[in-house]
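Visitor: Dropping the structure in here first, questions after.
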Amino acid sequence: MEVVWAVGQLWVAVVLGLIVLPSALGISLGISEAYMWVLVKTLEWATIRLQKGAKKQQPQIPRTPTANGIIERDETPMEKEIALLHRADFEFSHIFYFCRKGFEAIVEDEVTQRFSSEELLSWNLLTRTNVNFHYISLRLTVVWVIGVIVRYCFLLPLRFTLAAIGITSMIVGTTVVGQLPNSSVKNYLSEVVHLTCSRILVRALSGTIHYHNKENRPQKGGICVANHTSPIDAIILTNDGCYAMVGQVHGGLMGIIQRATVKACPHVWFERSEIKDRHLVTKRLREHVADKSKLPILIFPEGTCINNTSVMMFKKGSFEIGGTIYPVAIKYDPQFGDAFWNSSKYNIVSYLLRIMTSWAIVCNVWYLPPMVRQENEDAVQFANRVRSAIARQGGLTELPWDGGLKRAKVKDTFKEEQQKNYSKMLVRNGSVG
C-alpha cells in the first residue's frame, strides 16, 4: 500500500511539475516537440515498410489512387441526359436516368460520406483505411504492439490525469471567480482561468496547434464562426483566446461545468424549450453582441460535426444577429488521430476514449479577416460567403447540404424539386397535353 501511495505521489508530482505548471504559464519544456519528432519518424518508417511489403505481395498490379470516389459521376443536366437516350417524346427508358441516380445516391452520396471517418493514404498504426494491407512485416507488428502498450498504459493514464486536473480547475476556478462583483478584475481573472484550464486540456490531448494570422483574432463584441469537426473545437480555440459559448443546457458533468463557468463568464446557455424559439435566441445573442465589453460569441453554424473534409450549409440564424463576423477555419491532421465525432455511431465516452488513445491531436487554425453583411445581402447569402471563405482557407470541400441530414430523412421539397423539373421538361417538349 505504501508503494502504491509513493508511486501515486511521484506520478502527480511529475505531471504537475513537467506538464501542468508549464501549461499554466504558457511555456514548453520541449517534451511535446520531442514526442512529435519521434512519432513522425516512426510513421514515416511504417509507411515505407508497408510500401515495400505491398510491392512484394503484388508487384505486377500497380495500385492507382481513387481520389475521385469509387464511382464515376456524370454532372450533365437532366435534360441532356434524357435527350441522349432517345430523340423522341417520353419513353419508358427515361426511368433509367432516375434508376442510375438512385444507385449513385445509395453507393456514394455527397452527404453520408461526410459523416464517416476520413480515409488515410497509409496506415498510421491506429486503424486501417480502405486499402487492404495483407502484408505486415514482423518489425512493423512489434512496433504496433509497442504502440498499443504506450498508448493504453502510459498516454491514457497521463491524459486522464491531465483532463481531471483541467476540468476540476475549471469548475473550482470559475466558481471562485464567480463570487466576485462584476468588474474589470473579475473579467481578467475569468480569462486567466479559462485560458489556463484550456491549455491543460490541450496537453491532455497531446495537442499541437498552429495558429495563423493572429492579427485577425476575434475581438470583443463580435461573432466567431468556425467549421465544426469535433467537440474539442472549442478547446482548440479557447487555448488561444477567450470566447462566450452558446449552447443548450446539459445535465451531468457537462451541466456542472456550464453552471460553474457562467458565473464567471457571460456564456449564453439555453434551456431545451428556449432553444427552439428562434426569436428568443436571436434576441439574447443581439443583446450580448451589443455590449462591446463582452467576449466574442463562438458559434458553429453547421450545427453538427463534419468529418474534416467538407464544410456544409451554415444556418442563417448566426448571420441575422448583426455585428462583425470573424471567420475561423480549423483543419485537423488525420495522420496522428481522427478528431471527427460520429455521434450517430459513438457516444461521448467512447469518442473521448478514442481521442485519448490516439497518438496526438494536430491541427491548423486560420483566423480570417473580419466580414460584415453588405447592403442588399440577405442572411443566407452572407452565410454562404463566409462559408466559402472558410472552405477555401482550410482546403475543405464546400457543400450546400444541411448537416441535419445526418439524422433526418431527405425533405420532401428536395424530391418535389426534381419532379417539377422533369414535369416542366415534358411540358416544354410537348410530351404532355
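The way I read the labels, and the way they are meant: chains A, B, ... in the order of the C-alpha cells, residue 1 as the first residue of every chain, and ligand 1 as the first ligand shown, with later ones counted on from there.
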Could you name the residues that touch stretch 122-128 of chain A at 7 Å or less, counting only C-alpha atoms, but leaving out those on the same chain fewer than 4 positions away, as a list of chain:residue names?
Guide: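 My reading of the contact set: A:Leu43, A:Thr47, A:Trp144, A:Gln335, A:Phe336.
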Visitor: Counting only C-alpha atoms, what is within 10 Å of stretch 284-292 of chain A, bar same-chain residues fewer than 3 positions away, as an mmCIF file with C-alpha atoms, in the first residue's frame?
Guide:
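As a result, result-v8.cif now contains:
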```
data_model
loop_
_atom_site.group_PDB
_atom_site.id
_atom_site.type_symbol
_atom_site.label_atom_id
_atom_site.label_comp_id
_atom_site.auth_asym_id
_atom_site.auth_seq_id
_atom_site.Cartn_x
_atom_site.Cartn_y
_atom_site.Cartn_z
ATOM 1 C CA GLN A 219 -12.484 40.927 -30.903
ATOM 2 C CA LYS A 220 -14.971 41.693 -28.135
ATOM 3 C CA GLY A 221 -18.485 42.428 -29.324
ATOM 4 C CA GLY A 222 -18.037 40.218 -32.396
ATOM 5 C CA ILE A 223 -19.144 36.766 -33.501
ATOM 6 C CA ALA A 244 -18.540 33.286 -24.800
ATOM 7 C CA VAL A 246 -23.538 29.382 -26.962
ATOM 8 C CA PRO A 266 -21.163 35.609 -19.841
ATOM 9 C CA HIS A 267 -21.783 32.360 -21.685
ATOM 10 C CA VAL A 268 -25.212 32.014 -23.295
ATOM 11 C CA PHE A 270 -30.442 27.909 -23.377
ATOM 12 C CA HIS A 279 -36.652 34.797 -31.929
ATOM 13 C CA LEU A 280 -35.673 34.401 -28.270
ATOM 14 C CA VAL A 281 -32.258 33.032 -29.226
ATOM 15 C CA LEU A 295 -16.244 38.389 -25.099
ATOM 16 C CA PRO A 296 -16.877 37.387 -28.724
ATOM 17 C CA ILE A 297 -19.516 34.704 -29.199
ATOM 18 C CA SER A 318 -25.946 33.343 -36.702
ATOM 19 C CA GLU A 320 -29.105 37.646 -38.681
ATOM 20 C CA ILE A 321 -27.778 38.953 -35.370
ATOM 21 C CA GLY A 322 -25.710 41.767 -36.843
ATOM 22 C CA GLY A 323 -22.227 42.844 -35.851
ATOM 23 C CA THR A 324 -18.877 41.759 -37.204
#
```
Visitor: Select, from A:Thr261, A:Asn239, A:Ser137, A:Ser206, the residue with the minimum atom-to-atom distance to A:Ile171, counting only C-alpha atoms.
Guide: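 With only C-alpha atoms as the atom set, the closest residue is A:Thr261.
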Visitor: By how many Å are atom CA of A:Thr174 and atom CA of A:Val192 apart?
Guide: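 So the answer is 10.0 Å.
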Visitor: If you count only C-alpha atoms, which residues fall within 10 Å of stretch 248-258 of chain A, apart from same-chain ones fewer than 3 positions away, as a PyMOL selection string?
Guide: chain A and resi 167-168+170-172+174-175+245+261-263+267-275
Visitor: Between A:Ser198, A:Thr161, A:Ser32, A:Asn376, single out the one closest to A:Trp11, counting only C-alpha atoms.
Guide: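 Residue with the minimum atom-to-atom distance to A:Trp11: A:Thr161.
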Visitor: Give me the residues within 10 Å of A:Ile235 as a ChimeraX atom specification, counting only C-alpha atoms and dropping any in the same chain fewer than 6 places off.
Guide: /A:194-195,197-202,241-242
Visitor: For the selection just defined, write its residues with N, CA, C and O atoms to a file, as a PDB file, in the first residue's frame.
Guide:
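The resulting file, result_36.pdb, is reproduced below:
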```pdb
ATOM      1  N   HIS A 194      -9.930  30.559 -17.721  1.00  0.00           N
ATOM      2  CA  HIS A 194     -10.323  29.858 -18.942  1.00  0.00           C
ATOM      3  C   HIS A 194      -9.107  29.490 -19.782  1.00  0.00           C
ATOM      4  O   HIS A 194      -9.008  28.355 -20.301  1.00  0.00           O
ATOM      5  N   LEU A 195      -8.191  30.424 -19.971  1.00  0.00           N
ATOM      6  CA  LEU A 195      -7.001  30.149 -20.779  1.00  0.00           C
ATOM      7  C   LEU A 195      -6.137  29.071 -20.145  1.00  0.00           C
ATOM      8  O   LEU A 195      -5.663  28.149 -20.830  1.00  0.00           O
ATOM      9  N   CYS A 197      -6.930  26.653 -17.960  1.00  0.00           N
ATOM     10  CA  CYS A 197      -7.560  25.324 -17.992  1.00  0.00           C
ATOM     11  C   CYS A 197      -7.616  24.767 -19.413  1.00  0.00           C
ATOM     12  O   CYS A 197      -7.446  23.559 -19.618  1.00  0.00           O
ATOM     13  N   SER A 198      -7.837  25.629 -20.407  1.00  0.00           N
ATOM     14  CA  SER A 198      -7.856  25.173 -21.796  1.00  0.00           C
ATOM     15  C   SER A 198      -6.488  24.659 -22.220  1.00  0.00           C
ATOM     16  O   SER A 198      -6.377  23.656 -22.936  1.00  0.00           O
ATOM     17  N   ARG A 199      -5.434  25.323 -21.766  1.00  0.00           N
ATOM     18  CA  ARG A 199      -4.081  24.862 -22.099  1.00  0.00           C
ATOM     19  C   ARG A 199      -3.793  23.494 -21.478  1.00  0.00           C
ATOM     20  O   ARG A 199      -3.155  22.638 -22.114  1.00  0.00           O
ATOM     21  N   ILE A 200      -4.269  23.281 -20.264  1.00  0.00           N
ATOM     22  CA  ILE A 200      -4.085  21.973 -19.625  1.00  0.00           C
ATOM     23  C   ILE A 200      -4.850  20.901 -20.391  1.00  0.00           C
ATOM     24  O   ILE A 200      -4.340  19.791 -20.626  1.00  0.00           O
ATOM     25  N   LEU A 201      -6.074  21.213 -20.809  1.00  0.00           N
ATOM     26  CA  LEU A 201      -6.887  20.245 -21.547  1.00  0.00           C
ATOM     27  C   LEU A 201      -6.286  19.939 -22.916  1.00  0.00           C
ATOM     28  O   LEU A 201      -6.384  18.812 -23.406  1.00  0.00           O
ATOM     29  N   VAL A 202      -5.662  20.938 -23.545  1.00  0.00           N
ATOM     30  CA  VAL A 202      -4.988  20.691 -24.821  1.00  0.00           C
ATOM     31  C   VAL A 202      -3.809  19.743 -24.620  1.00  0.00           C
ATOM     32  O   VAL A 202      -3.565  18.851 -25.438  1.00  0.00           O
ATOM     33  N   GLY A 241      -7.488  32.112 -26.958  1.00  0.00           N
ATOM     34  CA  GLY A 241      -8.286  33.287 -26.632  1.00  0.00           C
ATOM     35  C   GLY A 241      -9.593  32.875 -25.982  1.00  0.00           C
ATOM     36  O   GLY A 241     -10.018  31.724 -26.106  1.00  0.00           O
ATOM     37  N   CYS A 242     -10.221  33.811 -25.297  1.00  0.00           N
ATOM     38  CA  CYS A 242     -11.460  33.505 -24.575  1.00  0.00           C
ATOM     39  C   CYS A 242     -12.685  33.847 -25.424  1.00  0.00           C
ATOM     40  O   CYS A 242     -12.683  34.833 -26.168  1.00  0.00           O
TER      41      CYS A 242
END
```
Visitor: Within stretch 122-250 of chain A, find each residue whose DSSP state, derived from the backbone, is strand (DSSP E), and express the selection as a PyMOL selection string.
Guide: chain A and resi 207-212+223-226+244-248
Visitor: Output N, CA, C and O atoms for every residue in the selection just made, as a PDB file, in the first residue's frame.
Guide:
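So part.pdb came out as:
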```
ATOM      1  N   GLY A 207      -2.019  17.905 -27.770  1.00  0.00           N
ATOM      2  CA  GLY A 207      -2.365  18.791 -28.880  1.00  0.00           C
ATOM      3  C   GLY A 207      -1.182  19.611 -29.372  1.00  0.00           C
ATOM      4  O   GLY A 207      -0.421  20.175 -28.585  1.00  0.00           O
ATOM      5  N   THR A 208      -1.042  19.654 -30.692  1.00  0.00           N
ATOM      6  CA  THR A 208      -0.080  20.533 -31.354  1.00  0.00           C
ATOM      7  C   THR A 208      -0.875  21.401 -32.319  1.00  0.00           C
ATOM      8  O   THR A 208      -1.376  20.909 -33.337  1.00  0.00           O
ATOM      9  N   ILE A 209      -1.029  22.657 -31.983  1.00  0.00           N
ATOM     10  CA  ILE A 209      -1.908  23.551 -32.737  1.00  0.00           C
ATOM     11  C   ILE A 209      -1.090  24.689 -33.335  1.00  0.00           C
ATOM     12  O   ILE A 209      -0.295  25.322 -32.633  1.00  0.00           O
ATOM     13  N   HIS A 210      -1.293  24.923 -34.613  1.00  0.00           N
ATOM     14  CA  HIS A 210      -0.599  26.010 -35.310  1.00  0.00           C
ATOM     15  C   HIS A 210      -1.630  27.090 -35.640  1.00  0.00           C
ATOM     16  O   HIS A 210      -2.559  26.853 -36.430  1.00  0.00           O
ATOM     17  N   TYR A 211      -1.475  28.255 -35.040  1.00  0.00           N
ATOM     18  CA  TYR A 211      -2.389  29.374 -35.267  1.00  0.00           C
ATOM     19  C   TYR A 211      -1.777  30.321 -36.307  1.00  0.00           C
ATOM     20  O   TYR A 211      -0.613  30.724 -36.174  1.00  0.00           O
ATOM     21  N   HIS A 212      -2.568  30.665 -37.303  1.00  0.00           N
ATOM     22  CA  HIS A 212      -2.103  31.532 -38.386  1.00  0.00           C
ATOM     23  C   HIS A 212      -2.891  32.848 -38.396  1.00  0.00           C
ATOM     24  O   HIS A 212      -4.077  32.867 -38.060  1.00  0.00           O
ATOM     25  N   ILE A 223     -18.653  38.144 -33.434  1.00  0.00           N
ATOM     26  CA  ILE A 223     -19.144  36.766 -33.501  1.00  0.00           C
ATOM     27  C   ILE A 223     -18.103  35.940 -34.251  1.00  0.00           C
ATOM     28  O   ILE A 223     -17.761  36.245 -35.391  1.00  0.00           O
ATOM     29  N   CYS A 224     -17.601  34.912 -33.604  1.00  0.00           N
ATOM     30  CA  CYS A 224     -16.636  34.000 -34.222  1.00  0.00           C
ATOM     31  C   CYS A 224     -17.398  32.782 -34.747  1.00  0.00           C
ATOM     32  O   CYS A 224     -18.108  32.116 -33.983  1.00  0.00           O
ATOM     33  N   VAL A 225     -17.273  32.509 -36.038  1.00  0.00           N
ATOM     34  CA  VAL A 225     -17.902  31.328 -36.629  1.00  0.00           C
ATOM     35  C   VAL A 225     -16.813  30.437 -37.212  1.00  0.00           C
ATOM     36  O   VAL A 225     -15.853  30.927 -37.803  1.00  0.00           O
ATOM     37  N   ALA A 226     -16.966  29.136 -37.036  1.00  0.00           N
ATOM     38  CA  ALA A 226     -15.954  28.187 -37.487  1.00  0.00           C
ATOM     39  C   ALA A 226     -16.620  26.913 -37.971  1.00  0.00           C
ATOM     40  O   ALA A 226     -17.760  26.608 -37.597  1.00  0.00           O
ATOM     41  N   ALA A 244     -17.271  33.583 -25.462  1.00  0.00           N
ATOM     42  CA  ALA A 244     -18.540  33.286 -24.800  1.00  0.00           C
ATOM     43  C   ALA A 244     -19.222  32.169 -25.588  1.00  0.00           C
ATOM     44  O   ALA A 244     -19.491  32.327 -26.781  1.00  0.00           O
ATOM     45  N   MET A 245     -19.456  31.053 -24.939  1.00  0.00           N
ATOM     46  CA  MET A 245     -20.044  29.894 -25.610  1.00  0.00           C
ATOM     47  C   MET A 245     -21.557  30.040 -25.724  1.00  0.00           C
ATOM     48  O   MET A 245     -22.203  30.686 -24.894  1.00  0.00           O
ATOM     49  N   VAL A 246     -22.090  29.420 -26.751  1.00  0.00           N
ATOM     50  CA  VAL A 246     -23.538  29.382 -26.962  1.00  0.00           C
ATOM     51  C   VAL A 246     -23.947  27.925 -27.089  1.00  0.00           C
ATOM     52  O   VAL A 246     -23.327  27.162 -27.838  1.00  0.00           O
ATOM     53  N   GLY A 247     -24.960  27.517 -26.331  1.00  0.00           N
ATOM     54  CA  GLY A 247     -25.381  26.129 -26.441  1.00  0.00           C
ATOM     55  C   GLY A 247     -26.550  25.808 -25.542  1.00  0.00           C
ATOM     56  O   GLY A 247     -27.082  26.667 -24.830  1.00  0.00           O
ATOM     57  N   GLN A 248     -26.921  24.556 -25.579  1.00  0.00           N
ATOM     58  CA  GLN A 248     -28.065  24.079 -24.802  1.00  0.00           C
ATOM     59  C   GLN A 248     -27.607  23.616 -23.426  1.00  0.00           C
ATOM     60  O   GLN A 248     -26.504  23.089 -23.266  1.00  0.00           O
TER      61      GLN A 248
END
```
Visitor: To test your reading of the structure, identify every residue in stretch 264-413 of chain A that backbone DSSP assigns to helix (DSSP H, G or I), and report it as an MDAnalysis selection string.
Guide: chainID A and resid 264 272:275 278:290 316:319 348:356 379:394 403:406 412:413
Visitor: Mind dumping the selected residues with N, CA and C atoms as a compact mmCIF listing (two decimals), in the first residue's frame?
Guide:
```txt
# COMPACT_ATOMS: atom_id res chain seq x y z
N ALA A 264 -18.69 33.08 -13.97
CA ALA A 264 -17.51 33.92 -14.17
C ALA A 264 -17.45 34.56 -15.55
N ARG A 272 -33.83 23.59 -23.10
CA ARG A 272 -34.29 22.86 -24.29
C ARG A 272 -35.52 23.54 -24.92
N SER A 273 -36.42 24.05 -24.09
CA SER A 273 -37.62 24.71 -24.62
C SER A 273 -37.28 26.06 -25.25
N GLU A 274 -36.25 26.75 -24.72
CA GLU A 274 -35.90 28.07 -25.25
C GLU A 274 -35.19 27.99 -26.59
N ILE A 275 -34.36 26.97 -26.76
CA ILE A 275 -33.53 26.91 -27.96
C ILE A 275 -34.35 26.68 -29.22
N ARG A 278 -36.58 30.58 -32.04
CA ARG A 278 -35.53 31.27 -32.78
C ARG A 278 -35.46 32.75 -32.46
N HIS A 279 -36.62 33.37 -32.22
CA HIS A 279 -36.65 34.80 -31.93
C HIS A 279 -36.02 35.09 -30.57
N LEU A 280 -36.27 34.22 -29.59
CA LEU A 280 -35.67 34.40 -28.27
C LEU A 280 -34.16 34.25 -28.33
N VAL A 281 -33.70 33.24 -29.08
CA VAL A 281 -32.26 33.03 -29.23
C VAL A 281 -31.61 34.24 -29.88
N THR A 282 -32.22 34.73 -30.97
CA THR A 282 -31.67 35.89 -31.68
C THR A 282 -31.62 37.11 -30.78
N LYS A 283 -32.67 37.30 -29.97
CA LYS A 283 -32.71 38.47 -29.08
C LYS A 283 -31.59 38.43 -28.06
N ARG A 284 -31.39 37.29 -27.43
CA ARG A 284 -30.35 37.19 -26.41
C ARG A 284 -28.95 37.36 -27.01
N LEU A 285 -28.75 36.83 -28.20
CA LEU A 285 -27.44 36.98 -28.84
C LEU A 285 -27.20 38.42 -29.28
N ARG A 286 -28.25 39.09 -29.74
CA ARG A 286 -28.10 40.50 -30.12
C ARG A 286 -27.74 41.36 -28.90
N GLU A 287 -28.36 41.07 -27.78
CA GLU A 287 -28.05 41.80 -26.55
C GLU A 287 -26.59 41.59 -26.15
N HIS A 288 -26.10 40.39 -26.34
CA HIS A 288 -24.70 40.11 -26.00
C HIS A 288 -23.76 40.86 -26.93
N VAL A 289 -24.04 40.82 -28.23
CA VAL A 289 -23.16 41.47 -29.21
C VAL A 289 -23.18 42.99 -29.02
N ALA A 290 -24.32 43.53 -28.61
CA ALA A 290 -24.43 44.98 -28.44
C ALA A 290 -23.51 45.51 -27.35
N LYS A 316 -28.63 30.18 -41.09
CA LYS A 316 -28.61 31.63 -41.24
C LYS A 316 -28.78 32.40 -39.94
N GLY A 317 -29.23 31.73 -38.87
CA GLY A 317 -29.52 32.43 -37.61
C GLY A 317 -28.34 33.22 -37.08
N SER A 318 -27.13 32.66 -37.22
CA SER A 318 -25.95 33.34 -36.70
C SER A 318 -25.64 34.62 -37.45
N PHE A 319 -26.17 34.75 -38.67
CA PHE A 319 -25.84 35.87 -39.53
C PHE A 319 -26.96 36.91 -39.59
N ILE A 348 -20.32 9.93 -26.27
CA ILE A 348 -19.24 10.84 -25.93
C ILE A 348 -18.13 10.12 -25.17
N VAL A 349 -18.46 9.11 -24.37
CA VAL A 349 -17.43 8.39 -23.61
C VAL A 349 -16.54 7.59 -24.55
N SER A 350 -17.16 6.87 -25.50
CA SER A 350 -16.39 6.10 -26.47
C SER A 350 -15.52 7.02 -27.32
N TYR A 351 -16.09 8.17 -27.69
CA TYR A 351 -15.33 9.11 -28.51
C TYR A 351 -14.10 9.63 -27.75
N LEU A 352 -14.28 10.03 -26.51
CA LEU A 352 -13.15 10.55 -25.73
C LEU A 352 -12.10 9.47 -25.51
N LEU A 353 -12.52 8.21 -25.37
CA LEU A 353 -11.56 7.12 -25.23
C LEU A 353 -10.73 6.98 -26.50
N ARG A 354 -11.38 7.10 -27.66
CA ARG A 354 -10.65 7.01 -28.93
C ARG A 354 -9.67 8.18 -29.07
N ILE A 355 -10.11 9.36 -28.65
CA ILE A 355 -9.23 10.53 -28.75
C ILE A 355 -8.03 10.38 -27.82
N MET A 356 -8.26 9.93 -26.60
CA MET A 356 -7.18 9.85 -25.62
C MET A 356 -6.26 8.67 -25.85
N ALA A 379 -29.33 37.20 -45.12
CA ALA A 379 -28.56 36.38 -44.18
C ALA A 379 -28.02 35.12 -44.84
N VAL A 380 -28.79 34.52 -45.74
CA VAL A 380 -28.35 33.28 -46.41
C VAL A 380 -27.15 33.55 -47.30
N GLN A 381 -27.20 34.64 -48.06
CA GLN A 381 -26.08 34.99 -48.93
C GLN A 381 -24.83 35.30 -48.12
N PHE A 382 -25.01 36.00 -47.02
CA PHE A 382 -23.88 36.32 -46.15
C PHE A 382 -23.27 35.04 -45.57
N ALA A 383 -24.14 34.13 -45.12
CA ALA A 383 -23.66 32.86 -44.57
C ALA A 383 -22.87 32.07 -45.61
N ASN A 384 -23.36 32.05 -46.84
CA ASN A 384 -22.67 31.33 -47.91
C ASN A 384 -21.32 31.96 -48.23
N ARG A 385 -21.24 33.28 -48.15
CA ARG A 385 -19.98 33.97 -48.43
C ARG A 385 -18.95 33.65 -47.35
N VAL A 386 -19.38 33.63 -46.10
CA VAL A 386 -18.47 33.29 -45.01
C VAL A 386 -18.04 31.83 -45.12
N ARG A 387 -18.98 30.96 -45.44
CA ARG A 387 -18.66 29.54 -45.57
C ARG A 387 -17.64 29.30 -46.68
N SER A 388 -17.80 30.01 -47.80
CA SER A 388 -16.86 29.85 -48.92
C SER A 388 -15.45 30.28 -48.51
N ALA A 389 -15.35 31.35 -47.74
CA ALA A 389 -14.03 31.83 -47.29
C ALA A 389 -13.36 30.79 -46.39
N ILE A 390 -14.14 30.20 -45.48
CA ILE A 390 -13.60 29.19 -44.57
C ILE A 390 -13.16 27.95 -45.35
N ALA A 391 -13.98 27.52 -46.31
CA ALA A 391 -13.66 26.33 -47.10
C ALA A 391 -12.38 26.53 -47.91
N ARG A 392 -12.24 27.69 -48.54
CA ARG A 392 -11.05 27.96 -49.34
C ARG A 392 -9.79 27.94 -48.48
N GLN A 393 -9.85 28.60 -47.33
CA GLN A 393 -8.67 28.68 -46.47
C GLN A 393 -8.28 27.33 -45.89
N GLY A 394 -9.27 26.54 -45.49
CA GLY A 394 -8.99 25.25 -44.88
C GLY A 394 -8.79 24.11 -45.85
N GLY A 403 -26.46 19.89 -42.65
CA GLY A 403 -25.88 18.83 -41.82
C GLY A 403 -26.93 18.07 -41.04
N GLY A 404 -28.15 18.61 -40.94
CA GLY A 404 -29.22 17.91 -40.25
C GLY A 404 -29.61 16.61 -40.93
N LEU A 405 -29.20 16.43 -42.20
CA LEU A 405 -29.48 15.17 -42.90
C LEU A 405 -28.75 14.00 -42.27
N LYS A 406 -27.83 14.30 -41.35
CA LYS A 406 -27.10 13.24 -40.65
C LYS A 406 -28.07 12.33 -39.90
N ASP A 412 -39.12 16.37 -48.29
CA ASP A 412 -39.95 16.14 -49.47
C ASP A 412 -39.75 17.24 -50.52
N THR A 413 -39.36 18.43 -50.07
CA THR A 413 -39.17 19.52 -51.03
C THR A 413 -38.05 19.20 -52.02
```
Visitor: Between A:Leu120, A:Arg259, A:Ala13, A:Cys265, single out the one closest to A:Asn187, counting only C-alpha atoms.
Guide: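 With only C-alpha atoms as the atom set, the closest residue is A:Cys265.
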Visitor: One number please: atom CA of A:Leu156 to atom CA of A:Thr238, in Å, one decimal.
Guide: 23.0 Å
Visitor: May I ask for the distance between atom CA of A:Pro157 and atom CA of A:Ala34, given in Å to one decimal place?
Guide: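 Separation between atom CA of A:Pro157 and atom CA of A:Ala34: 19.7 Å.
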Visitor: Nearest to A:Leu39: which of A:Trp359, A:Phe160, A:Trp5, A:Phe340 is it, counting only C-alpha atoms?
Guide: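 For A:Leu39, the nearest of the given residues is A:Trp359.
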Visitor: For A:Leu399, which residue out of A:Ser310, A:Leu237, A:Phe154, A:Val143 is the nearest one, using only C-alpha atoms?
Guide: A:Ser310
